[in-house]
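A.B. asks: Quick one: the structure is below, and I'll ask about it shortly.
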Amino acid sequence: MEILQVEAPLVCTQRVAGLQHVSLRVLRNAKTGKRQVAVDPVGCREGNWVFTAMGSAARYAAGDFEVLTDLTICGIIDYWEEQ
Amino acid sequence: MEILQVEAPLVCTQRVAGLQHVSLRVLRNAKTGKRQVAVDPVGCREGNWVFTAMGSAARYAAGDFEVLTDLTICGIIDYWEEQ
Amino acid sequence: MEILQVEAPLVCTQRVAGLQHVSLRVLRNAKTGKRQVAVDPVGCREGNWVFTAMGSAARYAAGDFEVLTDLTICGIIDYWEEQ
Amino acid sequence: MEILQVEAPLVCTQRVAGLQHVSLRVLRNAKTGKRQVAVDPVGCREGNWVFTAMGSAARYAAGDFEVLTDLTICGIIDYWEEQ
Amino acid sequence: MEILQVEAPLVCTQRVAGLQHVSLRVLRNAKTGKRQVAVDPVGCREGNWVFTAMGSAARYAAGDFEVLTDLTICGIIDYWEEQ
């Protein structure tokens with residue numbers, strides 16, 4: 001599971017039906033700077049370090065296997081220092 | 001879910017049966033310049049910033065699990081500035 | 001779905017049972033030069049630009065979910081100029 | 001399956017329900033320095049070299065397909081020298 | 001399917017139950033030097049060039065869907081010259 005930092009919510013009014021009721025966040029890889037979008041079932045705040053599940057596990061982690069995601073936040077790390 | 005920009009439709013007359021009725025788009029990663037092909041169930045326009053699901057989620061997002069895709073557009077981002 | 005160029009057929013007499021009746025091709029990424037092996041249900045010729053499905057979609061695209069592939073050619077692109 | 005080195009346990013009090021009873025470890029890729037979080041059903045110690053399964057295999061390897069992981073430690077390598 | 005070269009068997013006495021009866025090999029990517037562990041149902045020798053299936057196809061290729069692998073050797077390439 002990848003370790004990423006929460007940046008901001010994602011505003012997206014036009015989306016596929018299967019994503020209607022989930023909260024979306026932009027996550028950032030501190031090393032490469034790459035940004036990705038993830039479903040957030042945990043309730044993160046900006047700046048939180050989180051770890052994520054991708055692939056079919058992301059759909060289980062979203063709490064509903066029918067949610068159309070390939071990346072879901074699994075937990076907030078209590079303490080993390082990027083080395 | 002990855003953040004990509006819509007470039008152009010893909011013209012492809014010779015394809016496997018399972019892709020017959022879907023709309024295909026070429027998407028571009030703004031950072032690396034890498035191009036990929038995705039199924040578009042949303043109706044994007046050139047220049048739109050979108051986020052995509054890959055893997056088995058891509059088949060769900062296409063609206064029909066039998067569609068033979070590994071990348072599907074999930075939504076159009078309202079505002080995005082590539083940093 | 002990735003965009004790759006067909007290089008050559010793959011000669012492989014010793015293989016797992018589940019790959020017995022499929023045609024295999026070596027595909028090349030024009031940017032990175034990386035080569036991969038894909039199942040070809042379309043009938044490509046050397047030099048063709050194709051797009052491919054990976055993961056579980058590759059097994060559907062092969063026309064038989066039991067085919068042991070993680071990469072299958074989905075279609076031949078009518079016109080492609082590598083930028 | 002990837003070859004990684006065990007660094008430390010991961011402290012994470014706020015997590016999704018499906019991860020409640022598993023042990024989590026931070027693993028490090030010796031070449032790239034990239035860190036990932038994995039489920040540990042084997043019982044590793046810091047410094048151990050392990051190999052991991054990702055994707056849906058990670059859920060089988062965790063001993064319970066319902067565990068929400070995309071990376072699980074499969075075994076401890078008896079002897080490994082990073083070249 | 002990736003093209004890799006067989007390096008050595010992997011010695012690993014402590015492993016998860018689902019890997020008990022399979023033969024494991026260390027494979028090497030000739031370009032990047034990256035090493036991975038794969039299940040070998042074919043019977044390779046050191047130096048062989050092979051191609052591999054990853055993801056859920058790896059479990060089918062292992063001859064038993066319950067084998068906890070994400071990488072399995074699918075065949076030995078008759079002739080390969082790394083360019």
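Residue names in the structure tokens use chain letters A, B, ... in the order shown, residue numbers from 1 in each chain, and ligand numbers from 1 in the order shown.
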Hey, which bits of chain C sit within 9 Å of chain E, and for each residue what's the closest pair of atoms and how far apart in Å (one decimal), counting only C-alpha atoms, rows by chain and increasing number, as CSV?

C.D. replies:
```
residue,atom,partner,partner_atom,distance
C:Leu10,CA,E:Ile77,CA,7.5
C:Val11,CA,E:Asp78,CA,5.9
C:Cys12,CA,E:Ile77,CA,4.7
C:Thr13,CA,E:Asp78,CA,6.8
C:Gln14,CA,E:Gly75,CA,5.6
C:Arg15,CA,E:Gly75,CA,3.9
C:Val16,CA,E:Cys74,CA,5.3
C:Ala17,CA,E:Ala61,CA,8.3
C:Gly18,CA,E:Ala61,CA,7.0
C:Leu19,CA,E:Cys74,CA,7.9
C:Lys34,CA,E:Lys31,CA,8.5
C:Arg35,CA,E:Ile3,CA,7.3
C:Gln36,CA,E:Glu2,CA,5.1
C:Val37,CA,E:Met1,CA,4.7
C:Ala38,CA,E:Met1,CA,6.2
C:Val39,CA,E:Met1,CA,8.9
C:Met54,CA,E:Met1,CA,9.0
C:Gly55,CA,E:Gly55,CA,6.2
C:Ser56,CA,E:Ser56,CA,6.7
C:Arg59,CA,E:Ala57,CA,7.8
C:Glu66,CA,E:Tyr60,CA,7.8
C:Val67,CA,E:Ala57,CA,8.3
C:Leu68,CA,E:Ala57,CA,5.4
C:Thr69,CA,E:Ala57,CA,6.0
C:Asp70,CA,E:Ala53,CA,5.5
C:Leu71,CA,E:Met1,CA,6.0
```

A.B. asks: Enumerate the residues of chain D with a DSSP assignment of helix (DSSP H, G or I), computed from the backbone, and present them as a PyMOL selection string.

C.D. replies: chain D and resi 17-19+56-61

A.B. asks: Going by DSSP on the backbone, which bits of range 3-82 of chain A are strand (DSSP E or B)? Write them as an MDAnalysis selection string, please.

C.D. replies: chainID A and resid 3:9 14:15 24:28 35:39 49:54 71:76

A.B. asks: Excluding Asn48 in chain D and its own-chain neighbours fewer than 3 positions away, which residues fall within 6 Å of it when counting only C-alpha atoms? Please give them as a PDB file with all heavy atoms, in the first residue's frame.

C.D. replies:
```pdb
ATOM      1  N   GLN D   5      12.864  -4.909   1.870  1.00  0.00           N
ATOM      2  CA  GLN D   5      13.436  -5.076   3.206  1.00  0.00           C
ATOM      3  C   GLN D   5      12.502  -4.454   4.253  1.00  0.00           C
ATOM      4  O   GLN D   5      11.960  -3.371   4.051  1.00  0.00           O
ATOM      5  CB  GLN D   5      14.809  -4.407   3.269  1.00  0.00           C
ATOM      6  CG  GLN D   5      15.586  -4.811   4.512  1.00  0.00           C
ATOM      7  CD  GLN D   5      17.034  -4.371   4.469  1.00  0.00           C
ATOM      8  OE1 GLN D   5      17.375  -3.433   3.751  1.00  0.00           O
ATOM      9  NE2 GLN D   5      17.897  -5.034   5.209  1.00  0.00           N
ATOM     10  N   VAL D   6      12.331  -5.174   5.377  1.00  0.00           N
ATOM     11  CA  VAL D   6      11.446  -4.704   6.451  1.00  0.00           C
ATOM     12  C   VAL D   6      12.117  -3.567   7.215  1.00  0.00           C
ATOM     13  O   VAL D   6      13.287  -3.677   7.602  1.00  0.00           O
ATOM     14  CB  VAL D   6      11.105  -5.858   7.418  1.00  0.00           C
ATOM     15  CG1 VAL D   6      10.219  -5.363   8.553  1.00  0.00           C
ATOM     16  CG2 VAL D   6      10.428  -7.000   6.664  1.00  0.00           C
ATOM     17  N   ARG D  45      10.993  -9.576  11.227  1.00  0.00           N
ATOM     18  CA  ARG D  45      11.741  -8.660  12.092  1.00  0.00           C
ATOM     19  C   ARG D  45      12.396  -7.585  11.234  1.00  0.00           C
ATOM     20  O   ARG D  45      12.658  -7.796  10.045  1.00  0.00           O
ATOM     21  CB  ARG D  45      12.816  -9.435  12.846  1.00  0.00           C
ATOM     22  CG  ARG D  45      12.247 -10.225  14.018  1.00  0.00           C
ATOM     23  CD  ARG D  45      13.357 -10.698  14.918  1.00  0.00           C
ATOM     24  NE  ARG D  45      14.404 -11.300  14.084  1.00  0.00           N
ATOM     25  CZ  ARG D  45      14.767 -12.590  14.154  1.00  0.00           C
ATOM     26  NH1 ARG D  45      14.195 -13.389  15.006  1.00  0.00           N
ATOM     27  NH2 ARG D  45      15.694 -13.054  13.365  1.00  0.00           N
TER      28      ARG D  45
END
```

A.B. asks: As an exercise, work out the distance from CA of Phe65 in chain C to CA of Ser23 in chain B in Å and give it to one decimal place.

C.D. replies: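 Answer for the CA of Phe65 in chain C to CA of Ser23 in chain B separation: 23.4 Å.
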
A.B. asks: What does the distance from CA of Glu7 in chain C to CA of Asn29 in chain E come to in Å, to one decimal?

C.D. replies: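 Rounded to one decimal, the two atoms are 19.4 Å apart.
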